[in-house]
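What follows is target36.txt (compact mmCIF, C-alpha atoms).
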# COMPACT_ATOMS: atom_id res chain seq x y z
CA MET A 1 0.00 0.00 0.00
CA LEU A 2 1.03 3.61 -0.61
CA LYS A 3 1.23 5.27 2.81
CA LYS A 4 -0.46 8.67 3.05
CA ASP A 5 2.17 10.10 5.38
CA HIS A 6 4.93 9.25 2.89
CA ILE A 7 3.00 10.85 0.03
CA LEU A 8 2.26 13.96 2.12
CA LEU A 9 5.97 14.32 2.89
CA THR A 10 6.74 14.08 -0.83
CA LEU A 11 4.11 16.73 -1.56
CA ALA A 12 5.54 19.05 1.06
CA LEU A 13 9.07 18.72 -0.32
CA THR A 14 7.83 19.28 -3.86
CA ILE A 15 5.84 22.36 -2.88
CA GLY A 16 8.86 23.77 -1.11
CA CYS A 17 10.93 23.46 -4.29
CA LEU A 18 8.44 25.15 -6.61
CA SER A 19 8.68 28.83 -7.49
CA SER A 20 6.36 30.21 -10.09
CA THR A 21 3.96 32.64 -11.58
CA ALA A 22 0.28 31.78 -11.83
CA SER A 23 -1.03 29.12 -14.16
CA ALA A 24 -2.93 30.20 -17.24
CA TYR A 25 -6.28 29.04 -15.87
CA ASP A 26 -7.71 27.75 -12.63
CA LEU A 27 -8.74 24.11 -12.99
CA ILE A 28 -8.10 21.01 -10.92
CA TYR A 29 -7.38 17.84 -12.90
CA SER A 30 -8.34 14.34 -11.76
CA PRO A 31 -5.96 11.38 -12.21
CA ILE A 32 -8.90 9.16 -13.24
CA VAL A 33 -9.50 8.60 -16.98
CA GLU A 34 -13.04 8.11 -18.28
CA TYR A 35 -12.38 5.69 -21.13
CA GLY A 36 -14.48 5.97 -24.27
CA GLU A 37 -16.17 9.28 -23.34
CA THR A 38 -16.00 12.38 -25.50
CA GLU A 39 -16.28 15.80 -23.84
CA VAL A 40 -16.92 19.29 -25.14
CA GLU A 41 -16.18 22.00 -22.57
CA LEU A 42 -16.27 25.78 -22.29
CA TYR A 43 -14.25 27.38 -19.50
CA GLY A 44 -14.30 31.08 -18.68
CA GLU A 45 -13.01 33.44 -16.03
CA TYR A 46 -13.29 37.13 -15.14
CA VAL A 47 -10.76 39.03 -12.99
CA SER A 48 -11.60 41.98 -10.76
CA ASP A 49 -8.62 43.84 -9.32
CA ASP A 50 -7.40 47.24 -8.09
CA ASP A 51 -4.78 47.17 -10.84
CA VAL A 52 -6.37 48.78 -13.91
CA LEU A 53 -4.03 46.79 -16.18
CA ILE A 54 -5.80 43.52 -15.30
CA ASP A 55 -9.18 44.70 -13.92
CA GLY A 56 -11.78 43.18 -16.20
CA LYS A 57 -9.45 40.63 -17.81
CA GLN A 58 -11.32 37.68 -19.31
CA GLN A 59 -10.25 34.29 -20.62
CA TYR A 60 -12.19 31.60 -22.47
CA ILE A 61 -11.12 28.08 -23.39
CA LEU A 62 -12.98 25.75 -25.73
CA GLU A 63 -11.98 22.11 -25.29
CA VAL A 64 -12.70 18.82 -27.05
CA ALA A 65 -11.48 15.72 -25.23
CA ARG A 66 -11.71 11.94 -25.28
CA GLY A 67 -10.62 8.97 -23.20
CA VAL A 68 -8.69 7.26 -25.99
CA THR A 69 -7.51 4.31 -23.87
CA PRO A 70 -8.37 3.09 -20.35
CA MET A 71 -5.31 5.02 -19.12
CA LEU A 72 -4.99 8.02 -21.49
CA PHE A 73 -7.20 11.11 -21.80
CA LEU A 74 -6.41 13.69 -24.50
CA GLU A 75 -7.73 17.23 -25.03
CA ALA A 76 -7.43 19.84 -27.76
CA LYS A 77 -7.89 23.47 -26.68
CA LEU A 78 -8.53 26.86 -28.22
CA ILE A 79 -7.56 29.67 -25.83
CA ALA A 80 -8.87 33.23 -26.16
CA GLU A 81 -8.27 36.26 -23.95
CA LYS A 82 -9.67 39.75 -23.54
CA MET A 83 -7.58 42.36 -21.75
CA PRO A 84 -9.11 45.61 -20.40
CA ASP A 85 -9.94 48.08 -23.21
CA ALA A 86 -9.12 45.44 -25.84
CA SER A 87 -11.12 43.03 -27.93
CA LEU A 88 -11.36 39.28 -27.45
CA LYS A 89 -8.73 37.46 -29.49
CA THR A 90 -7.37 33.96 -29.87
CA GLU A 91 -4.05 33.62 -28.04
CA ALA A 92 -3.05 29.97 -28.33
CA VAL A 93 -3.94 26.37 -29.09
CA ALA A 94 -2.94 23.45 -26.90
CA ILE A 95 -2.78 19.68 -26.68
CA GLU A 96 -3.21 18.25 -23.20
CA GLY A 97 -3.19 14.77 -21.71
CA VAL A 98 -3.70 12.88 -18.46
CA TYR A 99 -2.14 9.43 -18.07
CA GLN A 100 -3.58 7.32 -15.25
CA LEU A 101 -0.81 5.41 -13.46
CA THR A 102 -2.82 3.43 -10.87
CA GLU A 103 -6.19 1.69 -10.88
CA GLN A 104 -8.83 3.71 -9.06
CA GLY A 105 -8.93 2.62 -5.41
CA GLU A 106 -6.00 0.21 -5.75
CA TYR A 107 -3.87 2.28 -3.35
CA ASP A 108 -4.55 4.97 -0.78
CA TRP A 109 -3.75 7.54 -3.49
CA ASP A 110 -4.82 7.53 -7.13
CA ILE A 111 -1.91 8.82 -9.23
CA GLY A 112 -1.68 10.23 -12.75
CA LEU A 113 0.59 12.36 -14.90
CA PHE A 114 -0.42 15.61 -16.58
CA GLY A 115 1.16 17.10 -19.71
CA GLU A 116 0.37 20.03 -21.99
CA ILE A 117 1.96 21.69 -25.02
CA VAL A 118 0.85 25.26 -25.77
CA TYR A 119 1.41 26.86 -29.18
CA SER A 120 1.04 30.64 -29.48
CA VAL A 121 -0.88 31.91 -32.50
CA ILE A 122 0.49 35.40 -31.77
CA THR A 123 4.16 34.46 -32.17
CA ASP A 124 3.47 31.41 -34.36
CA ASP A 125 5.78 29.34 -32.17
CA LEU A 126 5.85 26.98 -29.20
CA ASP A 127 4.91 28.95 -26.09
CA GLU A 128 5.21 26.59 -23.14
CA ILE A 129 5.25 22.99 -21.92
CA GLU A 130 3.60 21.89 -18.68
CA PHE A 131 3.89 18.56 -16.87
CA GLY A 132 3.60 17.04 -13.41
CA PRO A 133 1.93 14.53 -11.11
CA ILE A 134 -1.75 14.47 -10.16
CA LEU A 135 -2.76 12.81 -6.89
CA ALA A 136 -6.14 12.18 -5.28
CA THR A 137 -7.31 10.41 -2.12
CA ASP A 138 -10.61 9.89 -0.35
CA ILE A 139 -10.99 11.26 3.17
CA GLY A 140 -13.72 9.59 5.17
CA ARG A 141 -16.88 8.56 3.36
CA ASN A 142 -17.71 11.66 1.35
CA MET A 143 -14.61 13.82 0.84
CA THR A 144 -11.88 13.78 -1.81
CA PHE A 145 -8.59 15.68 -1.75
CA THR A 146 -6.83 16.28 -5.10
CA THR A 147 -3.57 18.07 -5.79
CA ASN A 148 -1.86 19.02 -9.07
CA LEU A 149 1.89 19.78 -8.98
CA ILE A 150 2.54 21.34 -12.36
CA VAL A 151 5.97 22.38 -13.64
CA GLU A 152 5.98 24.79 -16.58
CA TYR A 153 8.74 25.53 -19.05
CA GLU A 154 8.37 28.92 -20.77
CA LYS A 155 10.25 29.00 -24.05
CA VAL A 156 10.56 32.79 -24.33
CA GLU A 157 12.10 33.23 -20.88
CA LYS A 158 13.83 29.83 -21.02
CA LYS A 159 13.06 28.94 -17.43
CA PHE A 160 11.11 26.45 -15.38
CA GLU A 161 8.30 27.50 -13.08
CA GLY A 162 5.89 25.59 -10.92
CA ASN A 163 2.32 25.75 -9.71
CA VAL A 164 0.63 23.98 -6.79
CA ASN A 165 -3.13 23.54 -7.03
CA ALA A 166 -5.37 21.69 -4.58
CA GLN A 167 -9.04 20.88 -4.05
CA LEU A 168 -11.02 19.53 -1.11
CA LYS A 169 -14.41 18.31 -2.36
CA TRP A 170 -17.51 17.07 -0.55
CA ARG A 171 -19.39 14.35 -2.46
CA PHE A 172 -22.99 15.06 -1.42
CA GLY A 173 -24.34 13.71 -4.70
CA GLN A 174 -23.28 13.61 -8.32
CA GLY A 175 -25.35 16.69 -9.15
CA PHE A 176 -23.97 18.85 -6.34
CA GLU A 177 -20.40 18.69 -5.03
CA PRO A 178 -19.12 21.80 -3.20
CA ALA A 179 -15.38 22.30 -2.83
CA ILE A 180 -12.65 24.60 -1.62
CA GLU A 181 -9.86 25.20 -4.16
CA PHE A 182 -6.40 26.68 -3.75
CA TYR A 183 -4.05 27.88 -6.51
CA GLY A 184 -0.59 28.77 -5.29
CA SER A 185 2.47 30.28 -6.92
CA GLU A 186 5.13 32.81 -6.09
CA TYR A 187 3.19 35.80 -7.38
CA ASN A 188 -0.44 34.70 -7.27
CA LYS A 189 -2.16 32.82 -4.45
CA LYS A 190 -5.93 32.32 -4.59
CA ILE A 191 -8.46 30.38 -2.59
CA GLY A 192 -12.23 30.13 -2.65
CA PRO A 193 -15.43 28.10 -2.88
CA VAL A 194 -16.46 26.17 -5.98
CA ILE A 195 -19.64 24.22 -6.70
CA MET A 196 -19.74 21.50 -9.35
CA GLY A 197 -21.73 18.52 -10.48
CA LYS A 198 -22.94 16.31 -13.31
CA ILE A 199 -26.47 15.61 -14.49
CA LYS A 200 -27.09 12.35 -16.34
CA THR A 201 -29.59 11.67 -19.08
CA ASP A 202 -30.12 8.47 -21.05
CA ALA A 203 -27.75 9.60 -23.80
CA ALA A 204 -25.28 12.00 -22.19
CA LYS A 205 -24.00 13.84 -19.12
CA PHE A 206 -23.94 17.57 -18.49
CA GLY A 207 -21.37 19.00 -16.10
CA TYR A 208 -20.89 22.41 -14.53
CA GLN A 209 -18.55 24.37 -12.26
CA LEU A 210 -18.93 27.81 -10.73
CA GLY A 211 -16.32 29.33 -8.45
CA TRP A 212 -15.15 32.54 -6.80
CA LEU A 213 -11.47 32.76 -5.87
CA PHE A 214 -10.00 35.43 -3.60
CA GLY A 215 -6.43 36.74 -3.64
CA MET A 216 -4.47 35.88 -0.49
CA ASP A 217 -1.96 38.74 -0.62
CA ASP A 218 -1.36 42.10 -2.30
CA ASN A 219 0.43 40.49 -5.26
CA SER A 220 -2.52 38.24 -6.13
CA GLU A 221 -5.57 39.01 -8.25
CA ASP A 222 -8.27 40.32 -5.91
CA ASN A 223 -11.20 38.31 -7.30
CA THR A 224 -11.53 35.66 -9.99
CA VAL A 225 -14.95 34.36 -11.00
CA LYS A 226 -14.78 31.18 -13.08
CA PHE A 227 -17.24 28.85 -14.76
CA LEU A 228 -17.18 25.64 -16.77
CA VAL A 229 -19.94 23.92 -18.72
CA GLU A 230 -19.43 20.43 -20.13
CA TYR A 231 -21.23 17.99 -22.39
CA GLU A 232 -20.17 14.32 -22.28
CA PHE A 233 -21.31 11.58 -24.62
Encoded form using structure tokens:
Amino acid sequence: MLKKDHILLTLALTIGCLSSTASAYDLIYSPIVEYGETEVELYGEYVSDDDVLIDGKQQYILEVARGVTPMLFLEAKLIAEKMPDASLKTEAVAIEGVYQLTEQGEYDWDIGLFGEIVYSVITDDLDEIEFGPILATDIGRNMTFTTNLIVEYEKVEKKFEGNVNAQLKWRFGQGFEPAIEFYGSEYNKKIGPVIMGKIKTDAAKFGYQLGWLFGMDDNSEDNTVKFLVEYEF
């Protein structure tokens, strides 16, 4: 068995070694692959801040994904952004994947690997590469803790950065699962409540997320409102 105290020590050491800016968007990834399902998702976020340079910033991501094998989930993304006093424009495209390393429930922790390649349509060149472990464990009968430890390589600046994201979720029912999420980096630390769920029909599933994240210090964005809508078939 994988011991939780050993994993927690590894997480603590990893977090201590990471130094980063904020990730491009605020999402928690699960290490569990849903084989054979196709997903279409729209993610969006709006930033409110005292800094007029980012107050009103918006980002939207359109995703198409599929569980191509029992252990591999792939996504294609179109990323658009709107800065204050500017129009909405496409910034990048990306290919993203989650590889499930352990069978769900086989060990105390479910473990996966995350990877993403981002290509900028502004510079017409590779923008960044992200990768790192995803871990999740059940706490008691109706809680799940998930953490994403993502390392990012930025081609322009030629340096590695990291991002530590975590979620504590209460499983009250598939249609309603409240959570607390944390997104931590050197220059942007946010925490706040999120509600999510999935509604099943005979032919498909509809998923949603709605969250409000608060900056934890003066360097962080004051408020970030985010949403996600998802169609699975």
Check which residues of stretch 78-108 of chain A sit at most 7 Å from stretch 28-34 of chain A using all atoms listed in the file, and return one row each with the closest pair of atoms and their distance in Å to one decimal, ordered by chain and rising number, as JSON lines.
{"residue": "A:Val98", "atom": "CA", "partner": "A:Pro31", "partner_atom": "CA", "distance": 6.8}
{"residue": "A:Gln100", "atom": "CA", "partner": "A:Pro31", "partner_atom": "CA", "distance": 5.6}
{"residue": "A:Gln104", "atom": "CA", "partner": "A:Ile32", "partner_atom": "CA", "distance": 6.9}
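Of the residues under consideration (A:Phe182, A:Tyr107, A:Phe172, A:Tyr25), A:Phe182 shows the shortest atom-to-atom contact distance to A:Met216 when counting all atoms listed in the file.
Within 6 Å of A:Gly97, once only C-alpha atoms are used and residues closer than 4 positions along the same chain are dropped, the contacting residues are Phe73, Leu74, Phe114 and Gly115 of chain A.
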Students should find that atom CA of A:Ser120 and atom CA of A:Ala92 are spaced 4.3 Å
Of the residues A:Tyr183, A:Phe131, A:Phe160, A:Tyr46, which is the one nearest to A:Ile117, using only C-alpha atoms? A:Phe131
Using all atoms listed in the file, which residues sit within 8 Å of stretch 149-157 of chain A once same-chain residues fewer than 6 positions away are excluded, as a list in words? Thr14, Ile15, Leu18, Phe114, Leu126, Asp127, Glu128, Ile129, Glu130, Phe131, Gly132, Pro133, Ile134, Asn163, Val164 and Asn165 of chain A
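Checking A:Leu72, A:Ile79, A:Val40, A:Leu168 one by one against A:Gln58, counting only C-alpha atoms, you find the shortest gap at A:Ile79.
Close contacts of A:Ile199, defined as residues with an atom at most 6 Å away when counting only C-alpha atoms, with chain neighbours fewer than 3 positions off set aside, comprise Gly175, Lys205 and Phe206 of chain A.
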In terms of the shortest atom-to-atom distance over all atoms listed in the file, which of A:Asn188, A:Thr123, A:Thr137, A:Thr146 is closest to A:Leu27? A:Thr146
Counting all atoms listed in the file, which residue out of A:Gly211, A:Gly184, A:Pro178, A:Gly192 sits closest to A:Glu161? A:Gly184
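Computed from the coordinates, the atom CA of A:Glu106 to atom CA of A:Gly67 distance equals 20.1 Å.
Using only C-alpha atoms, the set of residues no farther than 6 Å from the position (-9.2, 37.7, -4.6) comprises Leu213, Phe214, Gly215, Glu221, Asp222 and Asn223 of chain A.
With all atoms listed in the file as the atoms that count, the residue of A:Lys169, A:Met83, A:Gly36, A:Ile95 with the shortest distance to A:Pro70 is A:Gly36.
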So that I can check the surroundings of A:Ala94, please list as a ChimeraX atom specification every protein, DNA and RNA residue that reaches within 9 Å of it, counting all atoms listed in the file and ignoring chain neighbours fewer than 4 positions away. /A:75-79,116-120
Spatial neighbours of A:Leu42, 10 Å, all atoms listed in the file, chain gap at least 2 places, as an mmCIF file with C-alpha atoms, keeping the file's coordinate frame:
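After the write, result.cif holds the following:
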data_model
loop_
_atom_site.group_PDB
_atom_site.id
_atom_site.type_symbol
_atom_site.label_atom_id
_atom_site.label_comp_id
_atom_site.auth_asym_id
_atom_site.auth_seq_id
_atom_site.Cartn_x
_atom_site.Cartn_y
_atom_site.Cartn_z
ATOM 1 C CA VAL A 40 -16.920 19.290 -25.140
ATOM 2 C CA GLY A 44 -14.300 31.080 -18.680
ATOM 3 C CA TYR A 60 -12.190 31.600 -22.470
ATOM 4 C CA ILE A 61 -11.120 28.080 -23.390
ATOM 5 C CA LEU A 62 -12.980 25.750 -25.730
ATOM 6 C CA GLU A 63 -11.980 22.110 -25.290
ATOM 7 C CA VAL A 64 -12.700 18.820 -27.050
ATOM 8 C CA LYS A 77 -7.890 23.470 -26.680
ATOM 9 C CA LEU A 78 -8.530 26.860 -28.220
ATOM 10 C CA TYR A 208 -20.890 22.410 -14.530
ATOM 11 C CA PHE A 227 -17.240 28.850 -14.760
ATOM 12 C CA LEU A 228 -17.180 25.640 -16.770
ATOM 13 C CA VAL A 229 -19.940 23.920 -18.720
ATOM 14 C CA GLU A 230 -19.430 20.430 -20.130
ATOM 15 C CA TYR A 231 -21.230 17.990 -22.390
#
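Distance-wise, atom CA of A:Gln209 and atom CA of A:Lys226 end up 7.8 Å apart.
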Please, could N, CA and C atoms be added to stretch 132-160 of chain A and the result written as a CSV table (one decimal), in the frame of the given file?
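Below is the file part.csv, written as the result:
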chain,number,residue,atom,x,y,z
A,132,GLY,N,3.5,17.3,-14.8
A,132,GLY,CA,3.6,17.0,-13.4
A,132,GLY,C,2.6,16.0,-12.9
A,133,PRO,N,2.8,15.6,-11.7
A,133,PRO,CA,1.9,14.5,-11.1
A,133,PRO,C,0.6,15.1,-10.6
A,134,ILE,N,-0.4,14.2,-10.7
A,134,ILE,CA,-1.8,14.5,-10.2
A,134,ILE,C,-2.0,13.4,-9.1
A,135,LEU,N,-2.5,13.8,-7.9
A,135,LEU,CA,-2.8,12.8,-6.9
A,135,LEU,C,-4.1,13.1,-6.3
A,136,ALA,N,-4.8,12.0,-5.9
A,136,ALA,CA,-6.1,12.2,-5.3
A,136,ALA,C,-6.3,11.1,-4.3
A,137,THR,N,-7.0,11.4,-3.2
A,137,THR,CA,-7.3,10.4,-2.1
A,137,THR,C,-8.6,10.7,-1.5
A,138,ASP,N,-9.4,9.7,-1.1
A,138,ASP,CA,-10.6,9.9,-0.4
A,138,ASP,C,-10.3,10.1,1.1
A,139,ILE,N,-11.1,11.0,1.7
A,139,ILE,CA,-11.0,11.3,3.2
A,139,ILE,C,-12.4,11.0,3.8
A,140,GLY,N,-12.4,10.0,4.6
A,140,GLY,CA,-13.7,9.6,5.2
A,140,GLY,C,-14.6,9.0,4.1
A,141,ARG,N,-15.9,9.2,4.3
A,141,ARG,CA,-16.9,8.6,3.4
A,141,ARG,C,-17.3,9.5,2.2
A,142,ASN,N,-17.1,10.8,2.4
A,142,ASN,CA,-17.7,11.7,1.4
A,142,ASN,C,-16.8,12.9,1.0
A,143,MET,N,-15.5,12.7,1.2
A,143,MET,CA,-14.6,13.8,0.8
A,143,MET,C,-13.5,13.3,0.0
A,144,THR,N,-13.0,14.1,-1.0
A,144,THR,CA,-11.9,13.8,-1.8
A,144,THR,C,-10.9,15.0,-1.8
A,145,PHE,N,-9.6,14.7,-1.6
A,145,PHE,CA,-8.6,15.7,-1.8
A,145,PHE,C,-7.8,15.4,-3.0
A,146,THR,N,-7.6,16.4,-3.9
A,146,THR,CA,-6.8,16.3,-5.1
A,146,THR,C,-5.8,17.4,-5.2
A,147,THR,N,-4.6,17.0,-5.6
A,147,THR,CA,-3.6,18.1,-5.8
A,147,THR,C,-2.9,17.9,-7.1
A,148,ASN,N,-2.6,19.0,-7.8
A,148,ASN,CA,-1.9,19.0,-9.1
A,148,ASN,C,-0.6,19.8,-8.9
A,149,LEU,N,0.6,19.1,-9.1
A,149,LEU,CA,1.9,19.8,-9.0
A,149,LEU,C,2.5,20.0,-10.4
A,150,ILE,N,2.2,21.1,-11.0
A,150,ILE,CA,2.5,21.3,-12.4
A,150,ILE,C,3.8,22.2,-12.5
A,151,VAL,N,4.8,21.7,-13.3
A,151,VAL,CA,6.0,22.4,-13.6
A,151,VAL,C,5.8,22.9,-15.1
A,152,GLU,N,6.2,24.1,-15.3
A,152,GLU,CA,6.0,24.8,-16.6
A,152,GLU,C,7.3,25.3,-17.1
A,153,TYR,N,7.6,25.0,-18.4
A,153,TYR,CA,8.7,25.5,-19.0
A,153,TYR,C,8.3,26.6,-20.1
A,154,GLU,N,8.7,27.8,-19.9
A,154,GLU,CA,8.4,28.9,-20.8
A,154,GLU,C,9.5,29.1,-21.8
A,155,LYS,N,9.2,29.0,-23.0
A,155,LYS,CA,10.2,29.0,-24.0
A,155,LYS,C,10.9,30.4,-24.2
A,156,VAL,N,10.1,31.4,-24.1
A,156,VAL,CA,10.6,32.8,-24.3
A,156,VAL,C,11.6,33.2,-23.2
A,157,GLU,N,11.2,32.9,-22.0
A,157,GLU,CA,12.1,33.2,-20.9
A,157,GLU,C,13.1,32.1,-20.6
A,158,LYS,N,12.9,31.0,-21.2
A,158,LYS,CA,13.8,29.8,-21.0
A,158,LYS,C,14.0,29.5,-19.5
A,159,LYS,N,12.9,29.3,-18.8
A,159,LYS,CA,13.1,28.9,-17.4
A,159,LYS,C,11.9,28.1,-17.0
A,160,PHE,N,12.1,27.3,-15.9
A,160,PHE,CA,11.1,26.4,-15.4
A,160,PHE,C,10.4,27.2,-14.2
